[in-house]
Structures are given as structure tokens and as C-alpha cells.
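Chemist: Below you will find the structure I want to go over with you.
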2 protein chains.
Amino acid sequence: MTLPKPLRADAERNRRRVLEVAQAVFAAEGLAVPIDEIARRAGLGVGTLYRHFPTKEALFEAIVVGRMQALVGEARERGAAKDPGEAFFAILARIAEEGAVKKDFLDALASAGADVVRALGALKEELNAAFEHLLKRAQRAKAVRRDVDAREAMALATGALGACKRLGIDARGRERILAIVRDGLRAAP
Amino acid sequence: MTLPKPLRADAERNRRRVLEVAQAVFAAEGLAVPIDEIARRAGLGVGTLYRHFPTKEALFEAIVVGRMQALVGEARERGAAKDPGEAFFAILARIAEEGAVKKDFLDALASAGADVVRALGALKEELNAAFEHLLKRAQRAKAVRRDVDAREAMALATGALGACKRLGIDARGRERILAIVRDGLRAAP
DNA sequence: CTACAATCGGAACGATGCTTCCGGTTTCAA
DNA sequence: TTGAAACCGGAAGCATCGTTCCGATTGTAG
């Protein structure tokens with residue numbers, strides 16, 4: 001489709017660095033962080049940052065697209081795993097971990113342009129499809145209750161883990177909460 | 001402590017109106033809504049609003065304190081109910097419903113002044129204590145698994161329902177998600 | 001090595017939103 | 001009824017943050 005013209009060496013280096021820093025900062029402090037701050041932490045001027053990403057939203061989009069693609073890949077890989085229940089719960093945990101970022105993103109998207117929404121819409125559809133496949137398979141194998149759909153399962157997992165991050169609950173507590181979610185999803189209606 | 005000097009009739013009326021409108025607007029659209037907008041919807045000038053609440057944060061604090069007090073009252077009422085399990089799950093659902101508001105608040109509090117944090121800290125402690133009492137009682141009655149603490153249970157419930165609101169899941173779906181949480185909390189470790 | 005084209009940095013601009021200020025209005029007690 | 005104290009409204013002030021612009025710098029082809 002788009003031929004990715006080779007970037008100059010320094011440009012390539014800087015682009016990577018921006019993505020790296022922005023991902024860490026956004027994940028840790030939310031996207032209320034000023035763009036100047038990200039440039040500063042990356043050791044660059046804001047002008048440089050804006051040449052690579054024409055808008056703050058574009059930068060955030062690039063990050064989310066990257067994560068999303070990784071997630072879609074994982075979900076598809078597990079699509080034919082031996083144990084349907086295990087496969088489903090594994091991807092559920094992964095999605096929940098990324099949840100915090102996606103959450104902020106969706107918040108910011110309430111008033112976003114149509115292009116951006118569409119650009120991500122496709123990926124979101126792919127992820128939803130893959131996730132739904134795993135869910136249905138797990139339900140057929142009686143590893144997950146039948147009275148729950150993909151949206152709800154995702155909301156439950158991402159919401160719970162997102163709250164953990166906000167409240168500063170440690171990895172031990174997070175694991176415990178995930179266990180409760182798992183047990184709830186396994187229980188009979 | 002503080003003698004609540006009687007307000008003038010119009011002042012009292014306006015104060016009520018501001019609280020009412022702000023609560024609805026913040027709950028519906030988050031606290032990113034400009035203060036001018038709240039004044040406009042209340043049919044007042046911003047000056048008026050600022051005389052009652054010296055800061056946007058103070059306004060939000062007043063709202064949250066009100067909700068919190070109501071919650072504490074409810075939690076204490078149920079402290080001696082016949083069925084410990086029912087009492088616990090009832091208050092858990094109530095807290096989760098309010099969760100969205102509290103969530104935004106806690107977000108905004110990351111960089112708040114020490115006074116505000118302390119002012120709410122006391123109430124938060126009261127709520128935590130009452131909630132923990134209900135949880136322990138339910139655990140003794142074997143209505144809730146033992147390997148979960150109050151923080152985690154709250155995070156789970158508020159997070160899950162918060163995500164529902166963000167994603168626009170309807171009342172039916174929310175009820176289903178709460179059911180899953182309940183089943184998960186009842187399951188044996 | 002040279003010269004050109006792309007990149008870099010950060011000062012300056014514009015928009016948005018919180019807060020203050022003050023002249024006019026309303027309430028209420030005497 | 002009347003005077004003063006409290007309240008009202010919204011224009012102006014101020015800070016923050018996203019974005020643009022352009023002279024200086026640096027990588028790279030020939």
C-alpha cells in the first residue's frame with residue numbers, strides 16, 4: 001500500500017525515541033501530560049516531535065495502533081490452541097493489561113475526527129472478531145458461562161484492572177482480582 | 001464546629017441550583033466541562049458560582065462529599081442486617097454505581113492540595129471501615145471468599161461498572177456484569 | 001569534500017478555560 | 001420605607017497547552 005520511504009538515520013532514531021518515551025509517559029500518567037514534557041524527556045524540541053506526528057492525537061494513535069496490532073496478533077495465534085478456556089482467559093488478561101491505555105484513548109476520542117475513528121475502527125473490529133471467536137469457543141467447551149457477550153467480558157476485565165492501576169494495587173492484588181473475574185465467568189448462570 | 005450562618009434566600013436557592021446542575025453535568029460528561037457551561041446551564045453568572053465555591057475543585061469536592069456521606073449512611077444502616085451476604089452485595093452495588101463520579105474525582109486529585117485530600121480522607125476512612133465491616137461479616141457467614149480484601153472488592157466493582165458507563169453498556173448488561181462479579185466473589189478460593 | 005535537502009530546536013502565536021474584580025441589584029431588619 | 005450588607009453578572013486578566021514557523025544544524029549523494 002504505502003511505500004515507507006527510508007528515513008534519515010537521525011530521524012529514524014528520534015522517531016523511535018519519541019514513541020518509546022510517549023508510550024511510557026502516557027501509560028504512567030495519562031494523556032494529560034503536555035507535549036512539551038514528552039519532547040523534553042525525549043531530549044528533543046517540540047518542532048521535531050511535530051514533524052513526526054502532526055498532532056498530539058496522531059502520536060497517541062500511533063501508540064495505540066501498535067499495541068492493538070500486537071493484541072490482534074496474539075488473539076489470532078491463540079485461535080486454535082488446545083485448551084479453549086485457557087486461551088480465552090489468557091487473551092482476556094492481556095487485553096485487560098492494555099486496558100488503561102485504551103481507556104484514556106477512548107475517552108479522548110469522544111470528540112475526535114472521523115478519520116481517526118475509522119483508522120482504528122478496522123483494527124478494533126479485527127480484535128473484536130478474534131476475541132469473540134475465542135469467547136464462543138470457550139463457551140462451547142463449557143469453560144465460560146453462556147449469558148455473557150464479548151463487550152461485557154471486555155468491559156469487566158479492562159475496568160477491573162484499570163481501577164487497580166488507578167488505586168495503585170500491586171501485582172499480587174491484581175492477580176487475585178483476575179482470579180475472581182475468572183471464577184465469575186466460569187460460574188453457571 | 002463551624003456555625004452555618006443562615007444564607008440569604010436567593011443565595012441559598014442559587015447554591016442548591018449550582019450543586020444540582022453540576023452534579024448532573026459532571027456525572028454525565030465528566031469534569032472536563034468548563035465552569036462557564038455549568039453557570040450557563042444553571043442560569044447564573046460565573047461570579048455567582050465562584051462566590052459559593054472558590055474553585056472548581058471545591059465545587060466538585062462538595063458534590064463528592066455529599067454522595068460519600070449518603071453512602072456512609074447506607075453502609076452503616078446495613079451493618080446489622082439479617083443476611084450478611086445480601087447486605088454486602090447491596091452496598092457493593094451502590095458503591096459501584098457512584099464509582100464513576102469518584103473515579104474522575106480521584107483522577108483529578110492526583111495533583112490536588114493537601115487540605116482537600118485530608119477533608120475527604122476522613123470520610124473515605126469511614127466508608128472503608130463500614131465497608132470492611134460488612135465484608136468481614138459476609139466472609140464469616142461464608143457468603144464471600146476469604147482471599148479478598150476491601151480495597152480489591154471495591155476496585156473490582158467500581159472498575160467494572162465504570163467501564164460499563166464509558167462503553168455505553170445498558171442496564172441489562174450492567175446487571176449481568178454485577179452478577180458475574182457476585183459469583184466470582186462467592187466462589188471458593 | 002561539497003552542496004543540497006531534510007531535520008532540528010525552541011521562541012512565538014492562538015485558543016481555551018479558570019479566576020478575579022467591580023458596578024449594579026436584591027434582600028431584609030429596623 | 002429605607003439604608004446597608006450581601007449578592008449578582010459578565011467582562012477582563014492570567015496561565016496553560018497545542019501548534020506553527022524559520023534560522024541553524026546535520027546527514028548523505030555525487
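Each chain in the C-alpha cells gets a letter, A, B and so on, in the order shown; residues start at 1 in every chain, and ligands are counted from 1 in the order they appear.
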Hey, what's within 12 Å of DC18 in chain C if we count only C-alpha atoms (C1' of nucleotides) and toss same-chain stuff fewer than 3 positions away? As a ChimeraX atom specification, please?
Modeler: /B:32-36,46-47,50,54-57 /D:13-16
Chemist: Please report, as a tab-separated table, each residue of chain C lying at most 12 Å from chain B, together with the nearest pair of atoms and the separation in Å rounded to one decimal; use only C-alpha atoms (C1' of nucleotides), and order rows by chain and ascending residue number.
Modeler:
residue	atom	partner	partner_atom	distance
C:DT16	C1'	B:Pro34	CA	9.4
C:DG17	C1'	B:Pro34	CA	6.5
C:DC18	C1'	B:Ile35	CA	7.8
C:DT19	C1'	B:Thr55	CA	8.0
C:DT20	C1'	B:Gly47	CA	8.7
C:DC21	C1'	B:Gly47	CA	9.4
C:DC22	C1'	B:Gly47	CA	10.9
C:DT26	C1'	B:Asp10	CA	8.6
C:DT27	C1'	B:Arg8	CA	7.2
C:DC28	C1'	B:Arg8	CA	8.7
Chemist: Based on the selection just made, write N, CA and C atoms (P, O5', C5', C4', C3', O3' and C1' of nucleotides) of those residues as a compact mmCIF listing (two decimals), in the first residue's frame.
Modeler:
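Output file result_31.txt follows:
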# COMPACT_ATOMS: atom_id res chain seq x y z
P DT C 16 -11.17 27.73 20.95
O5' DT C 16 -11.05 27.05 22.38
C5' DT C 16 -10.01 26.10 22.64
C4' DT C 16 -9.80 25.98 24.13
C3' DT C 16 -11.06 26.19 24.97
O3' DT C 16 -11.15 25.13 25.89
C1' DT C 16 -9.30 27.51 25.79
P DG C 17 -12.52 24.84 26.64
O5' DG C 17 -12.15 25.13 28.15
C5' DG C 17 -10.90 24.69 28.66
C4' DG C 17 -10.60 25.39 29.97
C3' DG C 17 -11.84 25.71 30.83
O3' DG C 17 -11.52 25.45 32.18
C1' DG C 17 -10.64 27.66 30.45
P DC C 18 -12.59 25.43 33.33
O5' DC C 18 -11.83 26.15 34.52
C5' DC C 18 -10.55 25.66 34.90
C4' DC C 18 -9.80 26.72 35.68
C3' DC C 18 -10.51 27.24 36.93
O3' DC C 18 -9.56 27.39 37.99
C1' DC C 18 -10.04 29.05 35.48
P DT C 19 -10.08 27.67 39.47
O5' DT C 19 -10.02 29.25 39.54
C5' DT C 19 -8.76 29.90 39.39
C4' DT C 19 -8.92 31.41 39.36
C3' DT C 19 -9.76 32.04 40.50
O3' DT C 19 -8.89 32.84 41.28
C1' DT C 19 -10.27 33.01 38.40
P DT C 20 -9.46 33.69 42.50
O5' DT C 20 -9.55 35.15 41.89
C5' DT C 20 -8.49 35.63 41.08
C4' DT C 20 -8.76 37.05 40.63
C3' DT C 20 -9.37 37.98 41.68
O3' DT C 20 -8.78 39.27 41.52
C1' DT C 20 -10.80 37.91 39.82
P DC C 21 -8.87 40.39 42.70
O5' DC C 21 -9.48 41.63 41.93
C5' DC C 21 -9.71 41.51 40.52
C4' DC C 21 -10.64 42.60 40.04
C3' DC C 21 -11.22 43.54 41.11
O3' DC C 21 -11.34 44.82 40.54
C1' DC C 21 -12.99 42.33 40.09
P DC C 22 -11.46 46.15 41.48
O5' DC C 22 -12.86 46.74 41.04
C5' DC C 22 -13.17 46.82 39.65
C4' DC C 22 -14.66 46.99 39.47
C3' DC C 22 -15.34 47.86 40.54
O3' DC C 22 -16.36 48.63 39.93
C1' DC C 22 -16.39 45.80 40.46
P DT C 26 -33.18 43.71 40.81
O5' DT C 26 -33.07 42.95 42.20
C5' DT C 26 -32.35 41.72 42.26
C4' DT C 26 -32.22 41.28 43.70
C3' DT C 26 -33.54 41.29 44.50
O3' DT C 26 -33.68 40.02 45.09
C1' DT C 26 -31.83 42.42 45.70
P DT C 27 -35.00 39.62 45.89
O5' DT C 27 -34.50 39.61 47.40
C5' DT C 27 -33.38 38.80 47.76
C4' DT C 27 -32.92 39.14 49.16
C3' DT C 27 -34.01 39.06 50.24
O3' DT C 27 -33.52 38.22 51.28
C1' DT C 27 -32.86 41.13 50.38
P DC C 28 -34.48 37.54 52.34
O5' DC C 28 -34.27 38.48 53.61
C5' DC C 28 -32.94 38.86 53.97
C4' DC C 28 -32.95 39.96 55.00
C3' DC C 28 -34.13 39.92 55.99
O3' DC C 28 -33.63 40.26 57.26
C1' DC C 28 -34.02 42.03 54.97
Chemist: Go ahead and compute the interatomic distance for CA of Ala93 in chain A and CA of Gly159 in chain A, in Å to one decimal.
Modeler: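 Distance between the two atoms: 11.7 Å.
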Chemist: Please compute the CA of Ala155 in chain A-CA of Glu74 in chain A distance, one decimal, in Å.
Modeler: 19.1 Å
Chemist: Using only C-alpha atoms (C1' of nucleotides), determine which residues lie at most 12 Å from Ala80 in chain B, disregarding the query and same-chain residues fewer than 5 positions distant; provide the list as a ChimeraX atom specification.
Modeler: /B:74-75,85-88,130,133-134,137-138
Chemist: Please find the residues of chain A near chain B - the criterion being any atom within 10 Å, counting only C-alpha atoms - and write them as a PyMOL selection string.
Modeler: chain A and resi 29-30+103+106-107+145+147-149+151-167+169+173-174+176-189
Chemist: Pull out every residue of chain D that has at least one atom within 10 Å of chain B, counting only C-alpha atoms (C1' of nucleotides), and report them as a list in words.
Modeler: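 For chain D, the answer reads DA6, DC7, DC8, DG9 and DG10 of chain D.
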Chemist: Please write the residues from the selection above to a file, keeping N, CA and C atoms (P, O5', C5', C4', C3', O3' and C1' of nucleotides), as a PDB file, in the first residue's frame.
Modeler:
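This is the output file part-v6.pdb:
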ATOM      1  P    DA D   6     -22.387  41.491  55.248  1.00  0.00           P
ATOM      2  O5'  DA D   6     -23.053  40.642  54.074  1.00  0.00           O
ATOM      3  C5'  DA D   6     -24.369  40.127  54.257  1.00  0.00           C
ATOM      4  C4'  DA D   6     -24.937  39.733  52.904  1.00  0.00           C
ATOM      5  C3'  DA D   6     -23.979  38.875  52.072  1.00  0.00           C
ATOM      6  O3'  DA D   6     -24.658  37.694  51.683  1.00  0.00           O
ATOM      7  C1'  DA D   6     -24.821  40.699  50.791  1.00  0.00           C
ATOM      8  P    DC D   7     -23.967  36.659  50.723  1.00  0.00           P
ATOM      9  O5'  DC D   7     -24.614  37.032  49.312  1.00  0.00           O
ATOM     10  C5'  DC D   7     -26.015  37.197  49.226  1.00  0.00           C
ATOM     11  C4'  DC D   7     -26.391  37.595  47.820  1.00  0.00           C
ATOM     12  C3'  DC D   7     -25.713  36.747  46.746  1.00  0.00           C
ATOM     13  O3'  DC D   7     -26.676  36.328  45.807  1.00  0.00           O
ATOM     14  C1'  DC D   7     -25.384  39.034  46.310  1.00  0.00           C
ATOM     15  P    DC D   8     -26.268  35.265  44.708  1.00  0.00           P
ATOM     16  O5'  DC D   8     -26.294  36.132  43.373  1.00  0.00           O
ATOM     17  C5'  DC D   8     -27.501  36.818  43.037  1.00  0.00           C
ATOM     18  C4'  DC D   8     -27.266  37.687  41.832  1.00  0.00           C
ATOM     19  C3'  DC D   8     -26.573  36.952  40.685  1.00  0.00           C
ATOM     20  O3'  DC D   8     -27.401  36.959  39.537  1.00  0.00           O
ATOM     21  C1'  DC D   8     -25.487  39.030  41.175  1.00  0.00           C
ATOM     22  P    DG D   9     -27.011  35.935  38.332  1.00  0.00           P
ATOM     23  O5'  DG D   9     -26.185  36.852  37.326  1.00  0.00           O
ATOM     24  C5'  DG D   9     -26.779  38.036  36.855  1.00  0.00           C
ATOM     25  C4'  DG D   9     -25.769  38.830  36.047  1.00  0.00           C
ATOM     26  C3'  DG D   9     -25.048  38.007  34.980  1.00  0.00           C
ATOM     27  O3'  DG D   9     -25.175  38.687  33.740  1.00  0.00           O
ATOM     28  C1'  DG D   9     -23.467  39.098  36.392  1.00  0.00           C
ATOM     29  P    DG D  10     -24.937  37.883  32.348  1.00  0.00           P
ATOM     30  O5'  DG D  10     -23.610  38.500  31.734  1.00  0.00           O
ATOM     31  C5'  DG D  10     -23.361  39.889  31.829  1.00  0.00           C
ATOM     32  C4'  DG D  10     -21.879  40.151  31.822  1.00  0.00           C
ATOM     33  C3'  DG D  10     -21.078  39.234  30.882  1.00  0.00           C
ATOM     34  O3'  DG D  10     -19.995  39.966  30.353  1.00  0.00           O
ATOM     35  C1'  DG D  10     -20.184  39.093  32.973  1.00  0.00           C
TER      36       DG D  10
END
Chemist: Going by DSSP on the backbone, which bits of range 2-188 of chain B are alpha helix (DSSP H)? Write them as JSON, numbers by chain, please.
Modeler: {"B": [9, 10, 11, 12, 13, 14, 15, 16, 17, 18, 19, 20, 21, 22, 23, 24, 25, 26, 27, 28, 29, 35, 36, 37, 38, 39, 40, 41, 46, 47, 48, 49, 50, 51, 52, 56, 57, 58, 59, 60, 61, 62, 63, 64, 65, 66, 67, 68, 69, 70, 71, 72, 73, 74, 75, 76, 77, 84, 85, 86, 87, 88, 89, 90, 91, 92, 93, 94, 95, 96, 97, 98, 99, 100, 101, 102, 103, 104, 105, 106, 107, 108, 109, 114, 115, 116, 117, 118, 119, 120, 121, 122, 123, 124, 125, 126, 127, 128, 129, 130, 131, 132, 133, 134, 135, 136, 137, 138, 139, 140, 150, 151, 152, 153, 154, 155, 156, 157, 158, 159, 160, 161, 162, 163, 164, 165, 166, 167, 171, 172, 173, 174, 175, 176, 177, 178, 179, 180, 181, 182, 183, 184, 185, 186]}
Chemist: What separation in Å, quoted to one decimal, exists between C1' of DT25 in chain C and CA of Ile38 in chain B?
Modeler: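 Result for C1' of DT25 in chain C versus CA of Ile38 in chain B: 22.5 Å, one decimal.
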Chemist: Leaving out DA24 in chain D and any residue of its chain fewer than 2 positions from it, which residues lie within 12 Å of it when counting only C-alpha atoms (C1' of nucleotides), given as an MDAnalysis selection string?
Modeler: (chainID C and resid 7:10) or (chainID D and resid 22 26)
Chemist: Store the residues picked out above in a file with C-alpha atoms (C1' of nucleotides), as an mmCIF file, in the first residue's frame.
Modeler:
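Saved result, out.cif, follows:
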data_model
loop_
_atom_site.group_PDB
_atom_site.id
_atom_site.type_symbol
_atom_site.label_atom_id
_atom_site.label_comp_id
_atom_site.auth_asym_id
_atom_site.auth_seq_id
_atom_site.Cartn_x
_atom_site.Cartn_y
_atom_site.Cartn_z
ATOM 1 C "C1'" DT C 7 15.962 17.622 10.127
ATOM 2 C "C1'" DC C 8 16.410 20.042 14.441
ATOM 3 C "C1'" DG C 9 15.235 23.301 18.241
ATOM 4 C "C1'" DG C 10 12.719 26.494 20.635
ATOM 5 C "C1'" DC D 22 12.052 29.657 10.467
ATOM 6 C "C1'" DT D 26 23.381 17.705 10.273
#
